[in-house]
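Worksheet: one structure, shown below.
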Amino acid sequence: MTLNGLREKVFEQFPPEMRFTAEDAAIIVRHREMLLSWESTIIKKHYDMLYSHAPTRQIFREGERERLEGLLSIWWRRVINGPIDDQFWNWMVYVGLAHVLRKVKNPMMIAAWGYIANNVVTGINAEEAKGTIHSDEARLLVIAFIKLGKIFTSLVGDGYLSGLAEATGTNLALLETLASQEVGTLMERVRSEL
Amino acid sequence: MAATERQLSKQEEINSVLRSLLEAIPDLRGALVADNEGLPIAQSLPAELDALRASAIAATAQGLGRRTVEMLRAGSLTEVAVSGTEGIIFLYSVGTRCVLAVLAPGHPNVGLIHLESRDCAKKIASIIG
């Protein structure tokens, strides 16, 4: 497994309509000042939520919130200022591996991003209502964040699964081969719960 | 020689090496070669066994074996043996990308199996390249 290889595999699976384009990056950059001004609020809300929910709170070690907030700040500024390039996407795969180390489950990661996205969309809507951002721009900005989020959560998620597989002596492709042979029995067993 | 012909020829060579192994030790129940992703390359298995499933589980066991020797500082993996009441399965590394699984009966001549199978794995590795 390599970061480049995993990123390329995820991108191959992503239909072009949902890929993050130069136009998506450009619209984020156009609203840089507004988005950067939300940084402290978004970061505070993010960690307030994670620290107030027992399963996510137990991920954290004593006294590390400030450091983690710093990391999220670096990430947020990179998203806004760019570049959103292969190195950025590789970083997201690497985050997936770090999540194996910290036992951050994919639902936690997806929910955490969802909350940031909710706050971003709420902010955009508020600015649109005030007339500081045109409705077309607002729509495109929301789409850019949706695409960004779908791609990076896929990369983090696949990074996590690949990390789990490779660290235990297998690989994702092998697990898929094995599972495709065996999953029918499992489906049969759980069908009654539908 | 065209790429497809070369591939076919390799396949025939691997099949021939597997056949030789089974002829050398008639007690064996079967043998297969799979890649590290669990995809079958060649096999000679009893009819009741599914080659796809057998290949996938052999590659998985091989991967776990490799990780085990790494973690327990036992050098590089040479083979894995899995014993059941009805037989023993030996797994041999074929280069770094494939596995040879040999299905032996309950009380096999382990020395002979290792001798022939290690040689077989080497031959297949050189064919695969």
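Chain labels A, B, ... are given in the sequence in which chains occur in the structure tokens; within each chain residues are numbered consecutively from 1, and ligands are likewise numbered from 1 in the order shown.
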Give the residues of chain B that lie within 6 Å of chain A; count only C-alpha atoms, and format the answer as a ChimeraX atom specification. /B:37-38,53,56,63-64,67
Considering only C-alpha atoms, return as a PyMOL selection string whatever protein or nucleic-acid residues lie within 9 Å of Cys98 in chain B, sequence-local ones (same chain, fewer than 6 positions apart) excluded. chain B and resi 33-38+41+59+92+125
Could you write those residues out with C-alpha atoms, as an mmCIF file, in the first residue's frame?
data_model
loop_
_atom_site.group_PDB
_atom_site.id
_atom_site.type_symbol
_atom_site.label_atom_id
_atom_site.label_comp_id
_atom_site.auth_asym_id
_atom_site.auth_seq_id
_atom_site.Cartn_x
_atom_site.Cartn_y
_atom_site.Cartn_z
ATOM 1 C CA VAL B 33 -1.209 -21.299 -6.437
ATOM 2 C CA ALA B 34 -2.785 -17.912 -5.665
ATOM 3 C CA ASP B 35 -1.548 -14.348 -5.692
ATOM 4 C CA ASN B 36 -1.337 -12.107 -2.623
ATOM 5 C CA GLU B 37 -4.790 -10.730 -3.374
ATOM 6 C CA GLY B 38 -6.278 -14.206 -3.130
ATOM 7 C CA ILE B 41 -3.427 -18.758 -10.609
ATOM 8 C CA ALA B 59 -3.558 -16.013 0.680
ATOM 9 C CA TYR B 92 4.778 -21.856 0.924
ATOM 10 C CA ALA B 125 8.474 -18.296 -8.601
#
Give me the residues near range 11-24 of chain B as a VMD selection string, where near means some atom within 8 Å (using only C-alpha atoms) and where sequence neighbours in that chain fewer than 4 positions away do not count. chain B and resid 7 28 30 to 32 41 to 44 116 to 117 120 123 to 124 127
Every residue of range 1-82 of chain B that DSSP places in helix (DSSP H, G or I), as a PyMOL selection string: chain B and resi 3-24+51-71
I'd like the neighbourhood of range 107-118 of chain A as a PyMOL selection string, where a residue qualifies if any of its atoms comes within 12 Å (using only C-alpha atoms), though same-chain residues fewer than 2 positions away should be ignored. chain A and resi 35+38-51+53-59+72+76+92+95-96+98-100+102-105+120-125+141-157+160
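CA of Ala61 in chain B lies 9.7 Å from CA of Val99 in chain B.
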Using DSSP on the backbone, list every residue of chain B that comes out as strand (DSSP E), and give them as a CSV table (one decimal) with C-alpha atoms, in the first residue's frame.
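Ended up saving to out-v8.csv:
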chain,number,residue,atom,x,y,z
B,30,GLY,CA,-4.5,-31.2,-3.9
B,31,ALA,CA,-2.5,-28.0,-4.4
B,32,LEU,CA,-3.1,-24.5,-5.6
B,33,VAL,CA,-1.2,-21.3,-6.4
B,34,ALA,CA,-2.8,-17.9,-5.7
B,35,ASP,CA,-1.5,-14.3,-5.7
B,40,PRO,CA,-6.3,-18.2,-8.2
B,41,ILE,CA,-3.4,-18.8,-10.6
B,42,ALA,CA,-3.4,-22.6,-10.9
B,43,GLN,CA,-5.1,-25.4,-9.0
B,44,SER,CA,-5.6,-29.1,-8.8
B,79,GLU,CA,6.0,-21.8,5.3
B,80,VAL,CA,2.8,-22.0,7.3
B,81,ALA,CA,1.2,-25.2,8.4
B,82,VAL,CA,-2.5,-25.4,9.5
B,83,SER,CA,-3.5,-28.7,11.0
B,88,ILE,CA,-2.8,-30.5,7.1
B,89,ILE,CA,-2.4,-27.6,4.8
B,90,PHE,CA,1.1,-26.3,4.1
B,91,LEU,CA,1.5,-22.8,2.6
B,92,TYR,CA,4.8,-21.9,0.9
B,93,SER,CA,5.9,-18.4,-0.3
B,94,VAL,CA,6.2,-18.3,-4.0
B,98,CYS,CA,2.2,-15.6,-4.5
B,99,VAL,CA,1.5,-18.6,-2.3
B,100,LEU,CA,1.5,-22.3,-2.9
B,101,ALA,CA,-1.0,-24.3,-0.8
B,102,VAL,CA,-0.5,-28.0,-0.5
B,103,LEU,CA,-3.3,-30.1,1.0
B,104,ALA,CA,-1.9,-33.2,2.8
At what distance in Å, to one decimal, does CA of Ile27 in chain A lie from CA of Arg78 in chain A? 14.3 Å
When you draw a straight line from CA of Leu186 in chain A to CA of Gln62 in chain B, how long is it in Å?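 So the answer is 23.6 Å.
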